[in-house]
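This is model.tsv. It holds TSV, C-alpha atoms.
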chain	number	residue	atom	x	y	z
A	168	MET	CA	52.91	-19.89	-13.46
A	169	ILE	CA	51.38	-23.18	-14.54
A	170	ILE	CA	52.50	-26.35	-12.73
A	171	VAL	CA	51.59	-29.75	-14.21
A	172	ARG	CA	51.62	-32.96	-12.24
A	173	LEU	CA	53.09	-35.63	-14.53
A	174	TYR	CA	52.38	-39.32	-14.02
A	175	GLY	CA	51.52	-42.48	-15.93
A	176	GLY	CA	52.98	-43.81	-19.18
A	177	LEU	CA	54.16	-41.86	-22.19
A	178	GLY	CA	50.69	-41.27	-23.69
A	179	ASN	CA	49.37	-39.90	-20.39
A	180	GLN	CA	52.42	-37.69	-19.94
A	181	MET	CA	51.81	-36.24	-23.40
A	182	PHE	CA	48.19	-35.30	-22.62
A	183	GLN	CA	49.27	-33.66	-19.36
A	184	TYR	CA	52.10	-31.74	-21.02
A	185	ALA	CA	49.86	-30.59	-23.89
A	186	ALA	CA	47.21	-29.23	-21.52
A	187	GLY	CA	49.81	-27.42	-19.43
A	188	LEU	CA	51.55	-26.01	-22.48
A	189	ALA	CA	48.29	-24.64	-23.85
A	190	LEU	CA	47.40	-22.98	-20.56
A	191	SER	CA	50.86	-21.46	-20.13
A	192	LEU	CA	50.77	-20.08	-23.68
A	193	ARG	CA	47.29	-18.62	-23.15
A	194	HIS	CA	48.52	-16.64	-20.14
A	195	ALA	CA	52.14	-16.17	-21.31
A	196	VAL	CA	53.51	-17.54	-18.04
A	197	PRO	CA	56.24	-20.10	-17.23
A	198	LEU	CA	55.52	-23.83	-17.26
A	199	ARG	CA	56.80	-26.01	-14.42
A	200	PHE	CA	56.31	-29.65	-13.46
A	201	ASP	CA	55.61	-31.72	-10.38
A	202	LEU	CA	57.64	-34.91	-10.94
A	203	ASP	CA	57.20	-36.41	-7.47
A	204	TRP	CA	55.21	-39.39	-8.79
A	205	PHE	CA	58.24	-40.72	-10.64
A	206	ASP	CA	60.38	-40.66	-7.50
A	207	GLY	CA	58.49	-43.60	-6.07
A	208	VAL	CA	56.90	-45.41	-9.01
A	209	ARG	CA	58.42	-47.20	-11.98
A	210	LEU	CA	55.69	-47.72	-14.58
A	211	HIS	CA	56.54	-48.75	-18.13
A	212	GLN	CA	59.64	-46.65	-18.96
A	213	GLY	CA	59.20	-43.97	-16.29
A	214	LEU	CA	59.38	-40.29	-17.21
A	215	GLU	CA	59.94	-40.19	-20.96
A	216	LEU	CA	59.02	-36.75	-22.30
A	217	HIS	CA	62.51	-35.32	-21.92
A	218	ARG	CA	64.20	-38.32	-23.53
A	219	VAL	CA	61.74	-38.94	-26.39
A	220	PHE	CA	61.09	-35.33	-27.40
A	221	ASP	CA	64.08	-33.53	-25.85
A	222	LEU	CA	61.71	-31.40	-23.81
A	223	ASP	CA	62.86	-29.25	-20.93
A	224	LEU	CA	60.90	-30.26	-17.83
A	225	PRO	CA	61.87	-27.77	-15.11
A	226	ARG	CA	60.80	-29.13	-11.76
A	227	ALA	CA	58.70	-26.77	-9.68
A	228	ALA	CA	60.71	-25.56	-6.72
A	229	PRO	CA	59.05	-25.48	-3.27
A	230	SER	CA	58.86	-21.68	-3.50
A	231	GLU	CA	57.06	-21.96	-6.86
A	232	MET	CA	54.63	-24.49	-5.44
A	233	ARG	CA	53.87	-22.05	-2.63
A	234	GLN	CA	53.42	-19.26	-5.16
A	235	VAL	CA	50.59	-21.23	-6.81
A	236	LEU	CA	49.10	-23.20	-3.89
A	237	GLY	CA	50.07	-21.17	-0.83
A	238	SER	CA	49.93	-23.13	2.43
A	239	PHE	CA	48.50	-26.15	0.58
A	240	SER	CA	51.74	-26.78	-1.35
A	241	HIS	CA	53.17	-29.45	0.95
A	242	PRO	CA	52.98	-32.92	-0.69
A	243	LEU	CA	51.33	-34.53	2.34
A	244	VAL	CA	48.66	-31.83	2.47
A	245	ARG	CA	47.95	-32.24	-1.25
A	246	ARG	CA	47.62	-36.01	-0.90
A	247	LEU	CA	45.04	-35.50	1.84
A	248	LEU	CA	43.04	-32.84	0.03
A	249	VAL	CA	42.48	-34.86	-3.14
A	250	ARG	CA	40.45	-37.37	-1.13
A	251	ARG	CA	36.85	-37.04	-2.19
A	252	ARG	CA	35.56	-35.87	1.20
A	253	LEU	CA	38.13	-33.06	1.45
A	254	ARG	CA	38.18	-31.74	-2.10
A	255	TRP	CA	36.03	-28.76	-1.15
A	256	LEU	CA	39.11	-27.47	0.73
A	257	LEU	CA	41.28	-27.32	-2.38
A	258	PRO	CA	42.62	-23.81	-3.08
A	259	GLN	CA	41.41	-21.91	-6.13
A	260	GLY	CA	44.51	-22.59	-8.20
A	261	TYR	CA	44.38	-26.37	-7.71
A	262	ALA	CA	42.71	-27.80	-10.84
A	263	LEU	CA	41.82	-31.39	-10.00
A	264	GLU	CA	40.22	-32.92	-13.09
A	265	PRO	CA	36.61	-33.63	-12.00
A	266	HIS	CA	35.74	-36.21	-14.66
A	267	PHE	CA	37.10	-37.90	-17.78
A	268	HIS	CA	35.26	-35.84	-20.41
A	269	TYR	CA	36.18	-32.25	-21.19
A	270	TRP	CA	35.88	-29.89	-18.22
A	271	PRO	CA	34.74	-26.38	-19.24
A	272	GLY	CA	36.23	-24.99	-16.04
A	273	PHE	CA	39.65	-25.39	-17.67
A	274	GLU	CA	38.89	-22.25	-19.70
A	275	ALA	CA	38.45	-20.22	-16.53
A	276	LEU	CA	41.81	-21.15	-15.00
A	277	GLY	CA	44.04	-18.17	-14.40
A	278	PRO	CA	47.80	-17.66	-14.75
A	279	LYS	CA	48.47	-19.46	-11.45
A	280	ALA	CA	47.27	-23.05	-11.65
A	281	TYR	CA	48.28	-26.56	-10.64
A	282	LEU	CA	46.96	-29.20	-13.07
A	283	ASP	CA	46.25	-32.63	-11.62
A	284	GLY	CA	44.55	-35.01	-14.05
A	285	TYR	CA	44.81	-36.93	-17.30
A	286	TRP	CA	43.25	-34.24	-19.59
A	287	GLN	CA	42.62	-36.79	-22.36
A	288	SER	CA	40.93	-34.62	-24.93
A	289	GLU	CA	42.22	-32.56	-27.83
A	290	ARG	CA	39.86	-29.82	-26.67
A	291	TYR	CA	42.27	-28.87	-23.91
A	292	PHE	CA	44.96	-27.87	-26.40
A	293	SER	CA	43.33	-27.57	-29.83
A	294	GLU	CA	43.88	-23.80	-29.91
A	295	TYR	CA	47.62	-24.41	-29.62
A	296	GLN	CA	47.96	-27.64	-31.55
A	297	ASP	CA	50.78	-26.25	-33.72
A	298	ALA	CA	52.84	-25.65	-30.59
A	299	VAL	CA	51.97	-29.12	-29.31
A	300	ARG	CA	53.06	-30.71	-32.59
A	301	ALA	CA	56.29	-28.74	-32.47
A	302	ALA	CA	56.91	-29.97	-28.91
A	303	PHE	CA	56.23	-33.59	-29.80
A	304	ARG	CA	58.87	-33.99	-32.48
A	305	PHE	CA	60.86	-37.16	-31.93
A	306	ALA	CA	64.33	-36.04	-31.00
A	307	GLN	CA	66.53	-39.02	-31.78
A	308	PRO	CA	67.28	-40.02	-35.39
A	309	LEU	CA	65.87	-43.33	-36.55
A	310	ASP	CA	68.12	-46.34	-36.71
A	311	GLU	CA	68.51	-48.08	-40.06
A	312	ARG	CA	65.85	-50.74	-39.47
A	313	ASN	CA	63.15	-48.27	-38.44
A	314	ARG	CA	64.15	-45.86	-41.20
A	315	GLN	CA	63.60	-48.56	-43.80
A	316	ILE	CA	60.18	-49.35	-42.34
A	317	VAL	CA	59.17	-45.67	-42.51
A	318	GLU	CA	60.20	-45.58	-46.16
A	319	GLU	CA	58.06	-48.66	-46.84
A	320	MET	CA	55.11	-47.04	-45.06
A	321	ALA	CA	55.39	-43.94	-47.21
A	322	ALA	CA	55.28	-46.01	-50.39
A	323	CYS	CA	52.04	-47.91	-49.69
A	324	GLU	CA	48.59	-47.58	-48.13
A	325	SER	CA	50.05	-48.18	-44.70
A	326	VAL	CA	47.73	-48.74	-41.74
A	327	SER	CA	48.90	-48.87	-38.13
A	328	LEU	CA	46.96	-51.36	-36.02
A	329	HIS	CA	47.58	-51.37	-32.28
A	330	VAL	CA	46.86	-54.29	-29.95
A	331	ARG	CA	47.41	-53.41	-26.30
A	332	ARG	CA	47.69	-56.31	-23.88
A	333	GLY	CA	50.35	-56.30	-21.13
A	334	ASP	CA	48.88	-55.04	-17.86
A	335	PHE	CA	45.46	-54.75	-19.52
A	336	VAL	CA	45.43	-58.55	-19.44
A	337	GLN	CA	47.85	-59.54	-16.68
A	338	ASP	CA	47.00	-57.13	-13.85
A	339	PRO	CA	43.52	-57.89	-12.43
A	340	VAL	CA	43.06	-54.34	-11.13
A	341	VAL	CA	44.00	-52.76	-14.47
A	342	ARG	CA	42.05	-55.40	-16.39
A	343	ARG	CA	38.84	-54.56	-14.55
A	344	VAL	CA	38.94	-51.00	-15.94
A	345	HIS	CA	40.88	-51.31	-19.20
A	346	GLY	CA	40.53	-54.95	-20.23
A	347	VAL	CA	38.00	-54.34	-23.01
A	348	ASP	CA	37.20	-57.26	-25.31
A	349	LEU	CA	38.04	-55.88	-28.76
A	350	SER	CA	37.78	-59.20	-30.58
A	351	ALA	CA	34.77	-58.00	-32.61
A	352	TYR	CA	36.13	-54.49	-33.10
A	353	TYR	CA	39.28	-55.34	-35.04
A	354	PRO	CA	37.57	-57.35	-37.84
A	355	ARG	CA	35.00	-54.56	-38.28
A	356	ALA	CA	37.70	-51.88	-38.40
A	357	VAL	CA	39.78	-53.86	-40.89
A	358	ALA	CA	36.75	-54.57	-43.08
A	359	LEU	CA	35.87	-50.86	-43.14
A	360	LEU	CA	39.37	-49.93	-44.26
A	361	MET	CA	39.35	-52.67	-46.87
A	362	GLU	CA	36.20	-51.12	-48.32
A	363	ARG	CA	37.77	-47.68	-48.57
A	364	MET	CA	41.17	-48.51	-50.04
A	365	ARG	CA	42.43	-50.91	-52.64
A	366	GLU	CA	45.60	-52.44	-51.24
A	367	PRO	CA	46.16	-51.61	-47.56
A	368	ARG	CA	49.18	-52.96	-45.74
A	369	PHE	CA	48.78	-53.38	-42.00
A	370	TYR	CA	51.64	-52.65	-39.64
A	371	VAL	CA	50.71	-54.21	-36.32
A	372	PHE	CA	52.11	-52.89	-33.06
A	373	SER	CA	51.70	-54.75	-29.79
A	374	ASP	CA	53.36	-55.42	-26.46
A	375	ASP	CA	52.49	-59.08	-27.10
A	376	PRO	CA	53.56	-59.82	-30.70
A	377	ASP	CA	53.48	-63.60	-30.21
A	378	TRP	CA	49.80	-63.39	-29.27
A	379	VAL	CA	49.16	-61.22	-32.33
A	380	ARG	CA	50.80	-63.72	-34.69
A	381	ALA	CA	48.78	-66.57	-33.21
A	382	ASN	CA	45.40	-64.83	-33.04
A	383	LEU	CA	45.15	-61.93	-35.48
A	384	LYS	CA	44.36	-63.01	-39.03
A	385	LEU	CA	43.96	-60.26	-41.62
A	386	PRO	CA	42.78	-60.43	-45.26
A	387	ALA	CA	45.74	-58.29	-46.35
A	388	PRO	CA	49.52	-58.13	-45.87
A	389	MET	CA	50.41	-57.84	-42.18
A	390	ILE	CA	53.79	-56.85	-40.76
A	391	VAL	CA	54.22	-57.29	-37.02
A	392	ILE	CA	56.62	-54.73	-35.55
A	393	ASP	CA	58.32	-56.46	-32.64
A	394	HIS	CA	61.83	-55.04	-32.33
A	395	ASN	CA	61.28	-51.74	-30.47
A	396	ARG	CA	61.57	-52.88	-26.87
A	397	GLY	CA	62.29	-51.40	-23.46
A	398	GLU	CA	63.56	-47.84	-23.61
A	399	HIS	CA	63.10	-47.93	-27.40
A	400	SER	CA	59.38	-48.81	-27.23
A	401	PHE	CA	58.47	-45.18	-28.00
A	402	ARG	CA	59.64	-45.90	-31.54
A	403	ASP	CA	56.39	-47.77	-32.10
A	404	MET	CA	54.50	-44.51	-31.62
A	405	GLN	CA	56.88	-42.81	-34.04
A	406	LEU	CA	56.29	-45.52	-36.65
A	407	MET	CA	52.52	-45.38	-36.08
A	408	SER	CA	52.58	-41.66	-36.82
A	409	ALA	CA	54.35	-42.37	-40.12
A	410	CYS	CA	51.48	-44.57	-41.35
A	411	ARG	CA	48.77	-43.12	-43.57
A	412	HIS	CA	45.84	-44.56	-41.61
A	413	HIS	CA	45.21	-45.95	-38.15
A	414	ILE	CA	43.26	-48.53	-36.17
A	415	LEU	CA	43.55	-47.67	-32.50
A	416	ALA	CA	43.43	-49.80	-29.40
A	417	ASN	CA	41.81	-48.34	-26.28
A	418	SER	CA	45.16	-46.77	-25.49
A	419	SER	CA	46.54	-43.24	-25.28
A	420	PHE	CA	49.71	-44.60	-26.94
A	421	SER	CA	47.99	-45.29	-30.28
A	422	TRP	CA	45.77	-42.20	-29.83
A	423	TRP	CA	48.91	-40.11	-30.07
A	424	GLY	CA	50.28	-42.25	-32.89
A	425	ALA	CA	47.23	-41.27	-34.93
A	426	TRP	CA	47.11	-37.63	-33.79
A	427	LEU	CA	50.75	-37.01	-34.67
A	428	ASN	CA	50.01	-38.00	-38.25
A	429	SER	CA	49.24	-34.60	-39.77
A	430	GLN	CA	48.01	-35.89	-43.14
A	431	PRO	CA	44.60	-34.31	-43.81
A	432	HIS	CA	43.08	-37.38	-45.51
A	433	LYS	CA	44.01	-39.99	-42.93
A	434	LEU	CA	41.42	-42.51	-41.78
A	435	VAL	CA	41.37	-43.12	-38.05
A	436	ILE	CA	39.22	-45.82	-36.46
A	437	ALA	CA	38.86	-46.05	-32.69
A	438	PRO	CA	36.92	-48.39	-30.38
A	439	LYS	CA	33.71	-47.03	-28.92
A	440	ARG	CA	34.26	-49.14	-25.81
A	441	TRP	CA	37.36	-47.49	-24.33
A	442	PHE	CA	36.88	-48.70	-20.78
A	443	ASN	CA	35.59	-51.95	-19.34
A	444	VAL	CA	33.43	-50.06	-16.85
A	445	ASP	CA	30.69	-47.49	-17.34
A	446	ASP	CA	32.17	-44.83	-15.05
A	447	PHE	CA	33.65	-42.68	-17.83
A	448	ASP	CA	32.09	-40.44	-20.45
A	449	THR	CA	34.39	-40.70	-23.49
A	450	ARG	CA	32.54	-38.28	-25.79
A	451	ASP	CA	35.47	-35.81	-25.91
A	452	LEU	CA	38.20	-38.40	-26.32
A	453	TYR	CA	37.80	-38.74	-30.09
A	454	CYS	CA	38.88	-36.12	-32.60
A	455	SER	CA	36.69	-34.69	-35.33
A	456	GLY	CA	36.66	-36.94	-38.37
A	457	TRP	CA	37.59	-40.11	-36.54
A	458	THR	CA	35.36	-43.17	-37.00
A	459	VAL	CA	34.21	-44.79	-33.77
A	460	LEU	CA	33.14	-48.42	-33.90

What do you get writing this file as structure tokens?
Amino acid sequence: MIIVRLYGGLGNQMFQYAAGLALSLRHAVPLRFDLDWFDGVRLHQGLELHRVFDLDLPRAAPSEMRQVLGSFSHPLVRRLLVRRRLRWLLPQGYALEPHFHYWPGFEALGPKAYLDGYWQSERYFSEYQDAVRAAFRFAQPLDERNRQIVEEMAACESVSLHVRRGDFVQDPVVRRVHGVDLSAYYPRAVALLMERMREPRFYVFSDDPDWVRANLKLPAPMIVIDHNRGEHSFRDMQLMSACRHHILANSSFSWWGAWLNSQPHKLVIAPKRWFNVDDFDTRDLYCSGWTVL
């Protein structure tokens, strides 16, 4: 049995699910989930995988937790053991992600494992990417407004451009890690796409559309998507995936928007500076063929 600890926003939940799905398929064992984090935290829209993709997320029962972690299954014990000084006590089946870049030890995990981490690399699930794509099919039909936008995107050289602000700007703790200055990145990314295609049309997605309108000036048609709010904000990812090409922010949300586009000739541009600190090695974050600026 594979148990995945889910936490964070939608993009993070998708990485965690994809890693767990791949491991469960490799060993042909059931997939269960630790959802305790969502009992006490309300971040963004909370747990979204079941609602956005109609995924079954069976919660690991206490007996199943004991099956994988033995006497270390109690939540209080697990919270203590993940402290840096006590990690050497973690049981064999407890896979605590040791660093941001790809961890080769993932390949050695057996059929009983508890995954605790972000797992933000395609390498964790590339062998089973067809199954991941099948899992991440948007479940709810598009409303008329979004359907019309998707039709427009299909008829032009559509480019999704994501500007992430929100807590990256407003929360000082989050800003210290994620508040990367991308002011030079966006003009370079746009210029590169302008060189490679004749008449691109930019569809801009942001949690701060007013800031985008006031500060982002593009040498091509620009449509700011500002109507998918609250529990419907996942629609922005769905619309991103319908574009032909992509300019990412330093965000797992637009990472998935680009990855879910299965067109073989898509152009994807991502920022080299993903974090505002130097504590993370991002070499395995980007997919083959993506341009990193």

Subject >> Distance of atom CA of Ala387 of chain A from atom CA of Val357 of chain A, expressed in Å to one decimal place >> reply: 9.2 Å

**OP:** Find the residues near Glu294 of chain A: any atom within 12 Å, counting only C-alpha atoms, skip ones fewer than 5 places away on the same chain, and give them as an MDAnalysis selection string.
**Re:** chainID A and resid 185:186 188:190 192:193 274 289 299:300

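Relative to atom CA of Glu264 of chain A, atom CA of Gly284 of chain A is found at 4.9 Å.
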
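We find atom CA of Gln180 of chain A and atom CA of Ile436 of chain A to be spaced 22.7 Å apart.
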
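Every protein, DNA or RNA residue with an atom at most 9 Å from Ala302 of chain A, where all atoms listed in the file count and chain neighbours fewer than 2 positions away do not, is listed here: Ala185, Phe220, Asp221, Leu222, Asp297, Ala298, Val299, Arg300, Arg304 and Phe305 of chain A.
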
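Minimum atom-to-atom distance to Ser421 of chain A, evaluated using all atoms listed in the file, belongs to A:Leu328 out of A:Asp201, A:Gln337, A:Leu328, A:Glu231.
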
**OP:** Compare A:Val344, A:Met364, A:Val391, A:Cys410 by their minimum atom-to-atom distance to Ala321 of chain A, counting all atoms listed in the file, and give me the closest one.
**Re:** A:Cys410

Original post:
Can you tell me, as a ChimeraX atom specification, which residues sit within 7 Å of (35.8, -29.2, -22.2) in the file's frame, using all atoms listed in the file?
Top reply: /A:268-271,290-291

From the coordinates I just gave you, please extract segment 273-357 of chain A so that only C-alpha atoms remain, then output it as an mmCIF file, in the first residue's frame.
data_model
loop_
_atom_site.group_PDB
_atom_site.id
_atom_site.type_symbol
_atom_site.label_atom_id
_atom_site.label_comp_id
_atom_site.auth_asym_id
_atom_site.auth_seq_id
_atom_site.Cartn_x
_atom_site.Cartn_y
_atom_site.Cartn_z
ATOM 1 C CA PHE A 273 12.331 6.998 -4.770
ATOM 2 C CA GLU A 274 13.137 4.146 -7.173
ATOM 3 C CA ALA A 275 14.032 1.873 -4.279
ATOM 4 C CA LEU A 276 10.776 2.360 -2.374
ATOM 5 C CA GLY A 277 8.849 -0.848 -1.884
ATOM 6 C CA PRO A 278 5.121 -1.652 -1.954
ATOM 7 C CA LYS A 279 4.639 -0.235 1.558
ATOM 8 C CA ALA A 280 5.526 3.446 1.618
ATOM 9 C CA TYR A 281 4.348 6.744 3.068
ATOM 10 C CA LEU A 282 5.226 9.707 0.820
ATOM 11 C CA ASP A 283 5.806 13.034 2.545
ATOM 12 C CA GLY A 284 7.070 15.775 0.232
ATOM 13 C CA TYR A 285 6.359 17.960 -2.770
ATOM 14 C CA TRP A 286 7.886 15.650 -5.450
ATOM 15 C CA GLN A 287 8.056 18.495 -7.989
ATOM 16 C CA SER A 288 9.653 16.731 -10.911
ATOM 17 C CA GLU A 289 8.255 14.851 -13.873
ATOM 18 C CA ARG A 290 10.920 12.234 -13.216
ATOM 19 C CA TYR A 291 8.864 10.814 -10.367
ATOM 20 C CA PHE A 292 6.038 9.829 -12.704
ATOM 21 C CA SER A 293 7.347 10.004 -16.274
ATOM 22 C CA GLU A 294 7.085 6.219 -16.693
ATOM 23 C CA TYR A 295 3.350 6.473 -16.010
ATOM 24 C CA GLN A 296 2.577 9.834 -17.566
ATOM 25 C CA ASP A 297 -0.317 8.419 -19.611
ATOM 26 C CA ALA A 298 -2.012 7.344 -16.393
ATOM 27 C CA VAL A 299 -1.297 10.742 -14.838
ATOM 28 C CA ARG A 300 -2.818 12.537 -17.828
ATOM 29 C CA ALA A 301 -5.858 10.288 -17.627
ATOM 30 C CA ALA A 302 -6.231 11.110 -13.921
ATOM 31 C CA PHE A 303 -5.919 14.854 -14.494
ATOM 32 C CA ARG A 304 -8.829 15.276 -16.873
ATOM 33 C CA PHE A 305 -11.000 18.191 -15.828
ATOM 34 C CA ALA A 306 -14.263 16.691 -14.719
ATOM 35 C CA GLN A 307 -16.753 19.525 -14.994
ATOM 36 C CA PRO A 308 -17.916 20.797 -18.401
ATOM 37 C CA LEU A 309 -16.888 24.314 -19.336
ATOM 38 C CA ASP A 310 -19.371 27.119 -18.984
ATOM 39 C CA GLU A 311 -20.215 29.133 -22.097
ATOM 40 C CA ARG A 312 -17.724 31.946 -21.467
ATOM 41 C CA ASN A 313 -14.752 29.634 -20.943
ATOM 42 C CA ARG A 314 -15.821 27.418 -23.830
ATOM 43 C CA GLN A 315 -15.736 30.385 -26.186
ATOM 44 C CA ILE A 316 -12.260 31.326 -24.952
ATOM 45 C CA VAL A 317 -10.990 27.786 -25.591
ATOM 46 C CA GLU A 318 -12.358 27.952 -29.120
ATOM 47 C CA GLU A 319 -10.543 31.251 -29.673
ATOM 48 C CA MET A 320 -7.317 29.738 -28.333
ATOM 49 C CA ALA A 321 -7.556 26.840 -30.755
ATOM 50 C CA ALA A 322 -7.913 29.204 -33.707
ATOM 51 C CA CYS A 323 -4.785 31.306 -33.094
ATOM 52 C CA GLU A 324 -1.177 31.124 -31.888
ATOM 53 C CA SER A 325 -2.352 31.266 -28.301
ATOM 54 C CA VAL A 326 0.194 31.740 -25.512
ATOM 55 C CA SER A 327 -0.631 31.429 -21.827
ATOM 56 C CA LEU A 328 1.305 33.860 -19.644
ATOM 57 C CA HIS A 329 1.050 33.465 -15.886
ATOM 58 C CA VAL A 330 1.764 36.204 -13.338
ATOM 59 C CA ARG A 331 1.635 34.935 -9.766
ATOM 60 C CA ARG A 332 1.359 37.559 -7.048
ATOM 61 C CA GLY A 333 -1.014 37.053 -4.090
ATOM 62 C CA ASP A 334 0.855 35.625 -1.106
ATOM 63 C CA PHE A 335 4.113 35.790 -3.083
ATOM 64 C CA VAL A 336 3.854 39.555 -2.619
ATOM 65 C CA GLN A 337 1.644 40.068 0.431
ATOM 66 C CA ASP A 338 2.941 37.482 2.913
ATOM 67 C CA PRO A 339 6.474 38.394 4.096
ATOM 68 C CA VAL A 340 7.335 34.795 4.982
ATOM 69 C CA VAL A 341 6.207 33.460 1.590
ATOM 70 C CA ARG A 342 7.751 36.435 -0.215
ATOM 71 C CA ARG A 343 11.180 35.699 1.246
ATOM 72 C CA VAL A 344 11.223 32.295 -0.492
ATOM 73 C CA HIS A 345 8.959 32.747 -3.523
ATOM 74 C CA GLY A 346 8.924 36.481 -4.199
ATOM 75 C CA VAL A 347 11.211 36.365 -7.234
ATOM 76 C CA ASP A 348 11.561 39.540 -9.285
ATOM 77 C CA LEU A 349 10.506 38.427 -12.778
ATOM 78 C CA SER A 350 10.331 41.924 -14.257
ATOM 79 C CA ALA A 351 13.213 41.186 -16.655
ATOM 80 C CA TYR A 352 12.091 37.630 -17.379
ATOM 81 C CA TYR A 353 8.712 38.389 -18.938
ATOM 82 C CA PRO A 354 9.986 40.795 -21.657
ATOM 83 C CA ARG A 355 12.709 38.294 -22.606
ATOM 84 C CA ALA A 356 10.226 35.412 -22.765
ATOM 85 C CA VAL A 357 7.765 37.431 -24.841
#
